[in-house]
Amino acid sequence: MSGEAADAAVQHGGAVTRQQLGAVGRGRLARDLAAGRVRRALPSTFVAPGRVDENTRLRAALAWAGDGAALSHGTALALWGLPVPEDAVVDVLVDHRVRRSADVGDRVRLNRSRRPAVPVRRAGLPVVGLERAVVQAWTCLDDEDRRAAVLTALRERRTTAGRLRDEVLLHPRLAGRAQLLALLDLVAGGCESELEIWGHRRVFTGSAFQGWRWQVPVRLDGRTVRLDLYDEEARLAVELDGRRWHGGVADRERDVRRDAGLAEQGIQTVRLTSLRLRTDPDGCRRQVLRISAARRAGGP
């Protein structure tokens with residue numbers, strides 16, 4: 001049997017505050033709680049007992065935080081569909097003047113800001129914009145996870161390095177700001193993955209690779225493909241094959257077809273695995289330069 005408080009929670013999307021309960025008296029609320037018809041999720045914030053999903057947990061956090069709150073940081077990243085570790089704590093952005101006396105830091109983390117949230121809706125919930133979420137999360141994720149969020153957002157064309165840089169400039173005291181800007185510089189230079197960044201920094205360096213370009217678009221069979229690294233004079237493409245995109249039989253078949261199609265255009269492809277790039281960077285560098293020199297000289 002439902003109670004007045006539970007009905008009100010449902011009407012408010014799954015979570016309701018004591019203030020929103022209005023005419024429901026203390027006695028009636030206490031009886032509903034005792035009977036299990038409503039459950040206290042946070043101080044002065046209640047949910048219907050059958051609602052224990054993630055959406056309701058987020059709604060409860062927003063209700064408790066008050067009007068104008070928006071999901072932020074890693075919580076927002078998840079709603080934007082970017083890779084982020086699961087977190088038991090919900091991040092919420094509120095106005096800098098908002099204060100809550102209760103300590104719920106193990107469940108909700110209030111992030112105060114003088115800058116308005118300007119939320120958008122994701123899954124029916126107010127969420128900070130993608131660029132703001134990525135930059136916010138840079139301060140609270142470990143190095144691998146925060147870089148993955150940035151690179152995924154950029155690789156999937158969800159945003160641009162320029163838009164992320166503009167957001168970073170709005171956070172002059174951001175922890176790790178210099179590292180994030182350096183990563184964006186690498187992306188702007190054509191790197192789209194951790195393996196490409198490794199190659200850019202530790203393999204394909206120095207004057208010998210001056211003029212080589214990263215992520216070069218080429219038309220192939222009516223579509224555009226991107227060459228990881230390209231020596232235009234030698235018409236030589238270097239592909240950095242990470243395990244995620246090049247580990248299966250279907251991946252191998254796709255790569256062979258693509259390499260054959262590029263060969264028809266006079267472009268030779270050299271593929272280097274993640275293992276070889278990381279364990280023998282000098283050998284990779286020397287071999288690629290020898291192949292480039294042979295092609296420039298008109299050799300086989």
# chains A, B, ... in the order shown; residues from 1 in each chain; ligands from 1

$ residues_around --residues "Phe204 in chain A" --least-positions-apart "6" --cutoff "9 Å" --atoms "only C-alpha atoms" --output "list of chain:residue names"
A:Pro281, A:Cys284, A:Arg285

$ write_last_selection --atoms "C-alpha atoms" --output "JSON list (two decimals), in the first residue's frame"
[["chain", "number", "residue", "atom", "x", "y", "z"],
["A", 281, "PRO", "CA", 61.12, 1.99, -30.01],
["A", 284, "CYS", "CA", 60.78, 0.74, -34.95],
["A", 285, "ARG", "CA", 62.23, 4.15, -35.65]]

$ residues_around --residues "Arg202 in chain A" --least-positions-apart "3" --cutoff "10 Å" --atoms "only C-alpha atoms" --output "list in words"
Glu196, Ile197, Trp198, Gly199, Thr205, Gly206, Leu277, Arg278, Pro281, Asp282 and Arg285 of chain A

$ write_last_selection --atoms "C-alpha atoms" --output "PDB file, in the first residue's frame"
ATOM      1  CA  GLU A 196      49.885   7.582 -30.700  1.00  0.00           C
ATOM      2  CA  ILE A 197      50.985   9.870 -27.874  1.00  0.00           C
ATOM      3  CA  TRP A 198      53.638   7.306 -26.946  1.00  0.00           C
ATOM      4  CA  GLY A 199      54.782   7.200 -30.563  1.00  0.00           C
ATOM      5  CA  THR A 205      60.829  12.176 -32.721  1.00  0.00           C
ATOM      6  CA  GLY A 206      63.609  14.404 -33.982  1.00  0.00           C
ATOM      7  CA  LEU A 277      56.496   0.106 -30.109  1.00  0.00           C
ATOM      8  CA  ARG A 278      56.844  -0.036 -26.336  1.00  0.00           C
ATOM      9  CA  PRO A 281      61.117   1.987 -30.009  1.00  0.00           C
ATOM     10  CA  ASP A 282      64.607   2.440 -31.500  1.00  0.00           C
ATOM     11  CA  ARG A 285      62.235   4.154 -35.652  1.00  0.00           C
TER      12      ARG A 285
END

$ residues_around --residues "Val90 in chain A" --least-positions-apart "6" --cutoff "8 Å" --atoms "only C-alpha atoms" --output "ChimeraX atom specification"
/A:58,61,71,75,107-109

$ closest_residue --among "A:Val104, A:Leu79, A:Val135, A:Val218" --to "Pro43 in chain A" --atoms "only C-alpha atoms"
A:Val104

$ select_by_dssp --residues "range 69-149 of chain A" --states "helix (DSSP H, G or I)" --output "ChimeraX atom specification"
/A:73-79,130-137,143-149

$ closest_residue --among "A:Leu170, A:Leu236, A:Ala161, A:Val98" --to "Asp67 in chain A" --atoms "only C-alpha atoms"
A:Val98

$ residues_around --residues "Ala133 in chain A" --least-positions-apart "5" --cutoff "6 Å" --atoms "only C-alpha atoms" --output "list in words"
Ser72, His73, Ala76 and Leu77 of chain A

$ residues_around --residues "range 136-149 of chain A" --least-positions-apart "6" --cutoff "9 Å" --atoms "only C-alpha atoms" --output "list of chain:residue names"
A:Ser72, A:His73, A:Gly74, A:Thr75, A:Ala76, A:Leu77, A:Leu82, A:Pro83, A:Val84, A:Pro85, A:His171, A:Leu174, A:Ala175, A:Gly176, A:Arg177, A:Leu180, A:Leu183, A:Ser193, A:Glu194

$ write_last_selection --atoms "N, CA and C atoms" --output "PDB file, in the first residue's frame"
ATOM      1  N   SER A  72      27.725  16.786 -11.929  1.00  0.00           N
ATOM      2  CA  SER A  72      28.995  17.303 -12.427  1.00  0.00           C
ATOM      3  C   SER A  72      30.098  16.259 -12.302  1.00  0.00           C
ATOM      4  N   HIS A  73      31.324  16.661 -12.666  1.00  0.00           N
ATOM      5  CA  HIS A  73      32.512  15.838 -12.527  1.00  0.00           C
ATOM      6  C   HIS A  73      32.310  14.437 -13.132  1.00  0.00           C
ATOM      7  N   GLY A  74      32.752  13.406 -12.419  1.00  0.00           N
ATOM      8  CA  GLY A  74      32.651  12.050 -12.947  1.00  0.00           C
ATOM      9  C   GLY A  74      31.228  11.579 -13.135  1.00  0.00           C
ATOM     10  N   THR A  75      30.314  12.044 -12.269  1.00  0.00           N
ATOM     11  CA  THR A  75      28.905  11.667 -12.411  1.00  0.00           C
ATOM     12  C   THR A  75      28.363  12.149 -13.750  1.00  0.00           C
ATOM     13  N   ALA A  76      28.716  13.373 -14.112  1.00  0.00           N
ATOM     14  CA  ALA A  76      28.276  13.914 -15.399  1.00  0.00           C
ATOM     15  C   ALA A  76      28.932  13.177 -16.564  1.00  0.00           C
ATOM     16  N   LEU A  77      30.212  12.830 -16.415  1.00  0.00           N
ATOM     17  CA  LEU A  77      30.891  12.097 -17.485  1.00  0.00           C
ATOM     18  C   LEU A  77      30.156  10.812 -17.830  1.00  0.00           C
ATOM     19  N   LEU A  82      30.863   8.751 -21.384  1.00  0.00           N
ATOM     20  CA  LEU A  82      32.316   8.632 -21.453  1.00  0.00           C
ATOM     21  C   LEU A  82      32.810   7.640 -20.405  1.00  0.00           C
ATOM     22  N   PRO A  83      33.962   7.004 -20.650  1.00  0.00           N
ATOM     23  CA  PRO A  83      34.458   5.998 -19.708  1.00  0.00           C
ATOM     24  C   PRO A  83      34.853   6.632 -18.385  1.00  0.00           C
ATOM     25  N   VAL A  84      34.348   6.082 -17.305  1.00  0.00           N
ATOM     26  CA  VAL A  84      34.655   6.594 -15.972  1.00  0.00           C
ATOM     27  C   VAL A  84      34.416   5.476 -14.969  1.00  0.00           C
ATOM     28  N   PRO A  85      35.269   5.326 -13.966  1.00  0.00           N
ATOM     29  CA  PRO A  85      35.051   4.278 -12.958  1.00  0.00           C
ATOM     30  C   PRO A  85      33.770   4.535 -12.177  1.00  0.00           C
ATOM     31  N   HIS A 171      39.323  27.789 -15.663  1.00  0.00           N
ATOM     32  CA  HIS A 171      39.698  27.155 -14.390  1.00  0.00           C
ATOM     33  C   HIS A 171      41.170  27.450 -14.103  1.00  0.00           C
ATOM     34  N   LEU A 174      42.965  25.055 -11.631  1.00  0.00           N
ATOM     35  CA  LEU A 174      42.728  23.627 -11.842  1.00  0.00           C
ATOM     36  C   LEU A 174      43.981  22.818 -11.515  1.00  0.00           C
ATOM     37  N   ALA A 175      43.834  21.818 -10.670  1.00  0.00           N
ATOM     38  CA  ALA A 175      44.960  20.937 -10.362  1.00  0.00           C
ATOM     39  C   ALA A 175      45.323  20.127 -11.608  1.00  0.00           C
ATOM     40  N   GLY A 176      46.595  20.103 -11.949  1.00  0.00           N
ATOM     41  CA  GLY A 176      47.031  19.377 -13.141  1.00  0.00           C
ATOM     42  C   GLY A 176      46.741  20.111 -14.434  1.00  0.00           C
ATOM     43  N   ARG A 177      46.557  21.410 -14.345  1.00  0.00           N
ATOM     44  CA  ARG A 177      46.188  22.215 -15.522  1.00  0.00           C
ATOM     45  C   ARG A 177      47.233  22.108 -16.632  1.00  0.00           C
ATOM     46  N   LEU A 180      46.998  18.823 -18.531  1.00  0.00           N
ATOM     47  CA  LEU A 180      45.838  18.754 -19.419  1.00  0.00           C
ATOM     48  C   LEU A 180      46.078  19.575 -20.679  1.00  0.00           C
ATOM     49  N   LEU A 183      48.344  17.685 -22.969  1.00  0.00           N
ATOM     50  CA  LEU A 183      47.628  16.611 -23.664  1.00  0.00           C
ATOM     51  C   LEU A 183      46.817  17.172 -24.824  1.00  0.00           C
ATOM     52  N   SER A 193      45.166   8.718 -29.521  1.00  0.00           N
ATOM     53  CA  SER A 193      45.153   7.599 -28.583  1.00  0.00           C
ATOM     54  C   SER A 193      46.421   7.634 -27.744  1.00  0.00           C
ATOM     55  N   GLU A 194      46.415   6.851 -26.648  1.00  0.00           N
ATOM     56  CA  GLU A 194      47.600   6.772 -25.805  1.00  0.00           C
ATOM     57  C   GLU A 194      48.787   6.217 -26.588  1.00  0.00           C
TER      58      GLU A 194
END

$ residues_around --residues "Gln210 in chain A" --least-positions-apart "4" --cutoff "12 Å" --atoms "only C-alpha atoms" --output "list in words"
His200, Phe204, Thr205, Gly206, Trp214, Leu229, Tyr230, Asp231, Glu232, Glu233 and Leu289 of chain A

$ write_last_selection --atoms "N, CA and C atoms" --output "tab-separated table (two decimals), in the first residue's frame"
chain	number	residue	atom	x	y	z
A	200	HIS	N	54.46	9.59	-30.60
A	200	HIS	CA	54.82	10.99	-30.83
A	200	HIS	C	55.96	11.40	-29.91
A	204	PHE	N	58.72	8.47	-32.84
A	204	PHE	CA	58.85	9.25	-34.08
A	204	PHE	C	59.20	10.70	-33.74
A	205	THR	N	60.39	10.87	-33.18
A	205	THR	CA	60.83	12.18	-32.72
A	205	THR	C	62.07	12.61	-33.49
A	206	GLY	N	62.39	13.88	-33.38
A	206	GLY	CA	63.61	14.40	-33.98
A	206	GLY	C	63.41	14.92	-35.39
A	214	TRP	N	50.37	13.59	-38.59
A	214	TRP	CA	49.54	12.64	-37.85
A	214	TRP	C	48.08	12.76	-38.28
A	229	LEU	N	50.17	8.04	-39.08
A	229	LEU	CA	51.35	8.87	-39.36
A	229	LEU	C	51.68	8.72	-40.84
A	230	TYR	N	51.97	9.85	-41.51
A	230	TYR	CA	52.11	9.79	-42.97
A	230	TYR	C	53.31	10.61	-43.42
A	231	ASP	N	54.14	9.97	-44.24
A	231	ASP	CA	55.25	10.62	-44.93
A	231	ASP	C	54.79	10.85	-46.36
A	232	GLU	N	54.37	12.06	-46.66
A	232	GLU	CA	53.75	12.34	-47.96
A	232	GLU	C	54.74	12.18	-49.10
A	233	GLU	N	55.98	12.59	-48.90
A	233	GLU	CA	56.97	12.49	-49.98
A	233	GLU	C	57.23	11.04	-50.36
A	289	LEU	N	62.38	4.57	-40.93
A	289	LEU	CA	63.21	5.51	-41.68
A	289	LEU	C	63.89	4.82	-42.87

$ residues_around --residues "Arg57 in chain A" --least-positions-apart "5" --cutoff "10 Å" --atoms "only C-alpha atoms" --output "short mmCIF file (atom, residue, chain, number, x, y, z; two decimals) with N, CA and C atoms, in the first residue's frame"
data_model
loop_
_atom_site.label_atom_id
_atom_site.label_comp_id
_atom_site.auth_asym_id
_atom_site.auth_seq_id
_atom_site.Cartn_x
_atom_site.Cartn_y
_atom_site.Cartn_z
N GLY A 14 10.62 10.53 -8.48
CA GLY A 14 11.27 9.46 -7.73
C GLY A 14 11.87 9.90 -6.42
N ALA A 15 12.10 11.20 -6.24
CA ALA A 15 12.69 11.71 -5.00
C ALA A 15 11.99 13.00 -4.62
N ALA A 41 16.45 8.65 1.79
CA ALA A 41 17.68 8.45 1.01
C ALA A 41 18.80 9.35 1.50
N LEU A 42 18.44 10.59 1.86
CA LEU A 42 19.37 11.59 2.35
C LEU A 42 18.63 12.42 3.38
N VAL A 47 12.55 8.73 -0.96
CA VAL A 47 12.24 8.05 -2.22
C VAL A 47 11.25 6.93 -1.94
N ARG A 51 12.00 2.18 -5.59
CA ARG A 51 12.88 2.90 -6.52
C ARG A 51 14.31 2.87 -5.97
N VAL A 52 15.10 1.96 -6.45
CA VAL A 52 16.47 1.84 -5.98
C VAL A 52 17.46 1.88 -7.14
N LEU A 62 20.17 15.38 -6.31
CA LEU A 62 19.79 16.69 -6.84
C LEU A 62 18.74 17.36 -5.97
N ALA A 63 17.76 16.58 -5.52
CA ALA A 63 16.71 17.14 -4.66
C ALA A 63 17.31 17.66 -3.37
N VAL A 90 27.93 10.77 -5.49
CA VAL A 90 27.36 11.56 -6.58
C VAL A 90 27.94 12.97 -6.52
N ARG A 107 28.09 10.00 0.25
CA ARG A 107 27.04 9.75 -0.74
C ARG A 107 26.92 10.86 -1.77
N VAL A 108 27.05 12.10 -1.33
CA VAL A 108 26.94 13.25 -2.24
C VAL A 108 28.08 14.21 -1.96
#

$ closest_residue --among "A:Ala208, A:Val128, A:Val16, A:Val270" --to "Arg115 in chain A" --atoms "only C-alpha atoms"
A:Val128

$ select_by_dssp --residues "range 128-286 of chain A" --states "strand (DSSP E or B)" --output "tab-separated table (two decimals) with N, CA and C atoms, in the first residue's frame"
chain	number	residue	atom	x	y	z
A	213	ARG	N	53.11	13.84	-40.91
A	213	ARG	CA	51.87	14.34	-40.31
A	213	ARG	C	51.08	13.21	-39.65
A	214	TRP	N	50.37	13.59	-38.59
A	214	TRP	CA	49.54	12.64	-37.85
A	214	TRP	C	48.08	12.76	-38.28
A	215	GLN	N	47.37	11.62	-38.27
A	215	GLN	CA	45.93	11.57	-38.54
A	215	GLN	C	45.58	12.30	-39.85
A	216	VAL	N	46.15	11.82	-40.92
A	216	VAL	CA	45.94	12.43	-42.24
A	216	VAL	C	44.73	11.79	-42.91
A	217	PRO	N	43.72	12.57	-43.30
A	217	PRO	CA	42.54	12.00	-43.96
A	217	PRO	C	42.82	11.64	-45.42
A	218	VAL	N	42.36	10.47	-45.83
A	218	VAL	CA	42.53	10.00	-47.21
A	218	VAL	C	41.22	9.36	-47.64
A	219	ARG	N	40.79	9.64	-48.86
A	219	ARG	CA	39.57	9.02	-49.39
A	219	ARG	C	39.89	7.61	-49.87
A	220	LEU	N	39.06	6.65	-49.46
A	220	LEU	CA	39.26	5.25	-49.84
A	220	LEU	C	37.91	4.58	-49.98
A	223	ARG	N	34.87	6.58	-48.82
A	223	ARG	CA	34.81	7.05	-47.44
A	223	ARG	C	36.18	7.62	-47.06
A	224	THR	N	36.22	8.28	-45.93
A	224	THR	CA	37.46	8.88	-45.46
A	224	THR	C	38.08	8.02	-44.37
A	225	VAL	N	39.34	7.65	-44.56
A	225	VAL	CA	40.09	6.95	-43.51
A	225	VAL	C	41.21	7.87	-43.06
A	226	ARG	N	41.73	7.61	-41.88
A	226	ARG	CA	42.80	8.44	-41.34
A	226	ARG	C	44.07	7.60	-41.18
A	227	LEU	N	45.16	8.14	-41.67
A	227	LEU	CA	46.46	7.49	-41.54
A	227	LEU	C	47.10	8.00	-40.24
A	228	ASP	N	47.49	7.07	-39.37
A	228	ASP	CA	48.04	7.48	-38.08
A	228	ASP	C	49.22	8.43	-38.26
A	229	LEU	N	50.17	8.04	-39.08
A	229	LEU	CA	51.35	8.87	-39.36
A	229	LEU	C	51.68	8.72	-40.84
A	230	TYR	N	51.97	9.85	-41.51
A	230	TYR	CA	52.11	9.79	-42.97
A	230	TYR	C	53.31	10.61	-43.42
A	231	ASP	N	54.14	9.97	-44.24
A	231	ASP	CA	55.25	10.62	-44.93
A	231	ASP	C	54.79	10.85	-46.36
A	236	LEU	N	54.19	6.94	-47.59
A	236	LEU	CA	54.32	5.86	-46.61
A	236	LEU	C	53.43	6.16	-45.41
A	237	ALA	N	52.54	5.21	-45.10
A	237	ALA	CA	51.66	5.33	-43.94
A	237	ALA	C	52.16	4.40	-42.84
A	238	VAL	N	52.21	4.91	-41.62
A	238	VAL	CA	52.59	4.09	-40.46
A	238	VAL	C	51.37	3.97	-39.56
A	239	GLU	N	50.94	2.75	-39.32
A	239	GLU	CA	49.78	2.50	-38.48
A	239	GLU	C	50.23	1.91	-37.14
A	240	LEU	N	49.74	2.50	-36.06
A	240	LEU	CA	50.07	2.06	-34.72
A	240	LEU	C	48.91	1.20	-34.22
A	241	ASP	N	49.12	-0.08	-34.16
A	241	ASP	CA	48.03	-1.03	-33.91
A	241	ASP	C	47.91	-1.40	-32.44
A	268	GLN	N	52.11	2.83	-49.36
A	268	GLN	CA	52.50	1.62	-48.62
A	268	GLN	C	52.19	1.82	-47.14
A	269	THR	N	51.72	0.75	-46.49
A	269	THR	CA	51.40	0.80	-45.07
A	269	THR	C	52.35	-0.08	-44.28
A	270	VAL	N	52.91	0.48	-43.22
A	270	VAL	CA	53.72	-0.28	-42.26
A	270	VAL	C	52.96	-0.31	-40.94
A	271	ARG	N	52.71	-1.50	-40.42
A	271	ARG	CA	51.97	-1.64	-39.16
A	271	ARG	C	52.92	-2.04	-38.03
A	272	LEU	N	52.80	-1.31	-36.92
A	272	LEU	CA	53.62	-1.58	-35.74
A	272	LEU	C	52.70	-1.85	-34.56
A	273	THR	N	52.92	-2.95	-33.87
A	273	THR	CA	52.06	-3.30	-32.74
A	273	THR	C	52.44	-2.50	-31.50
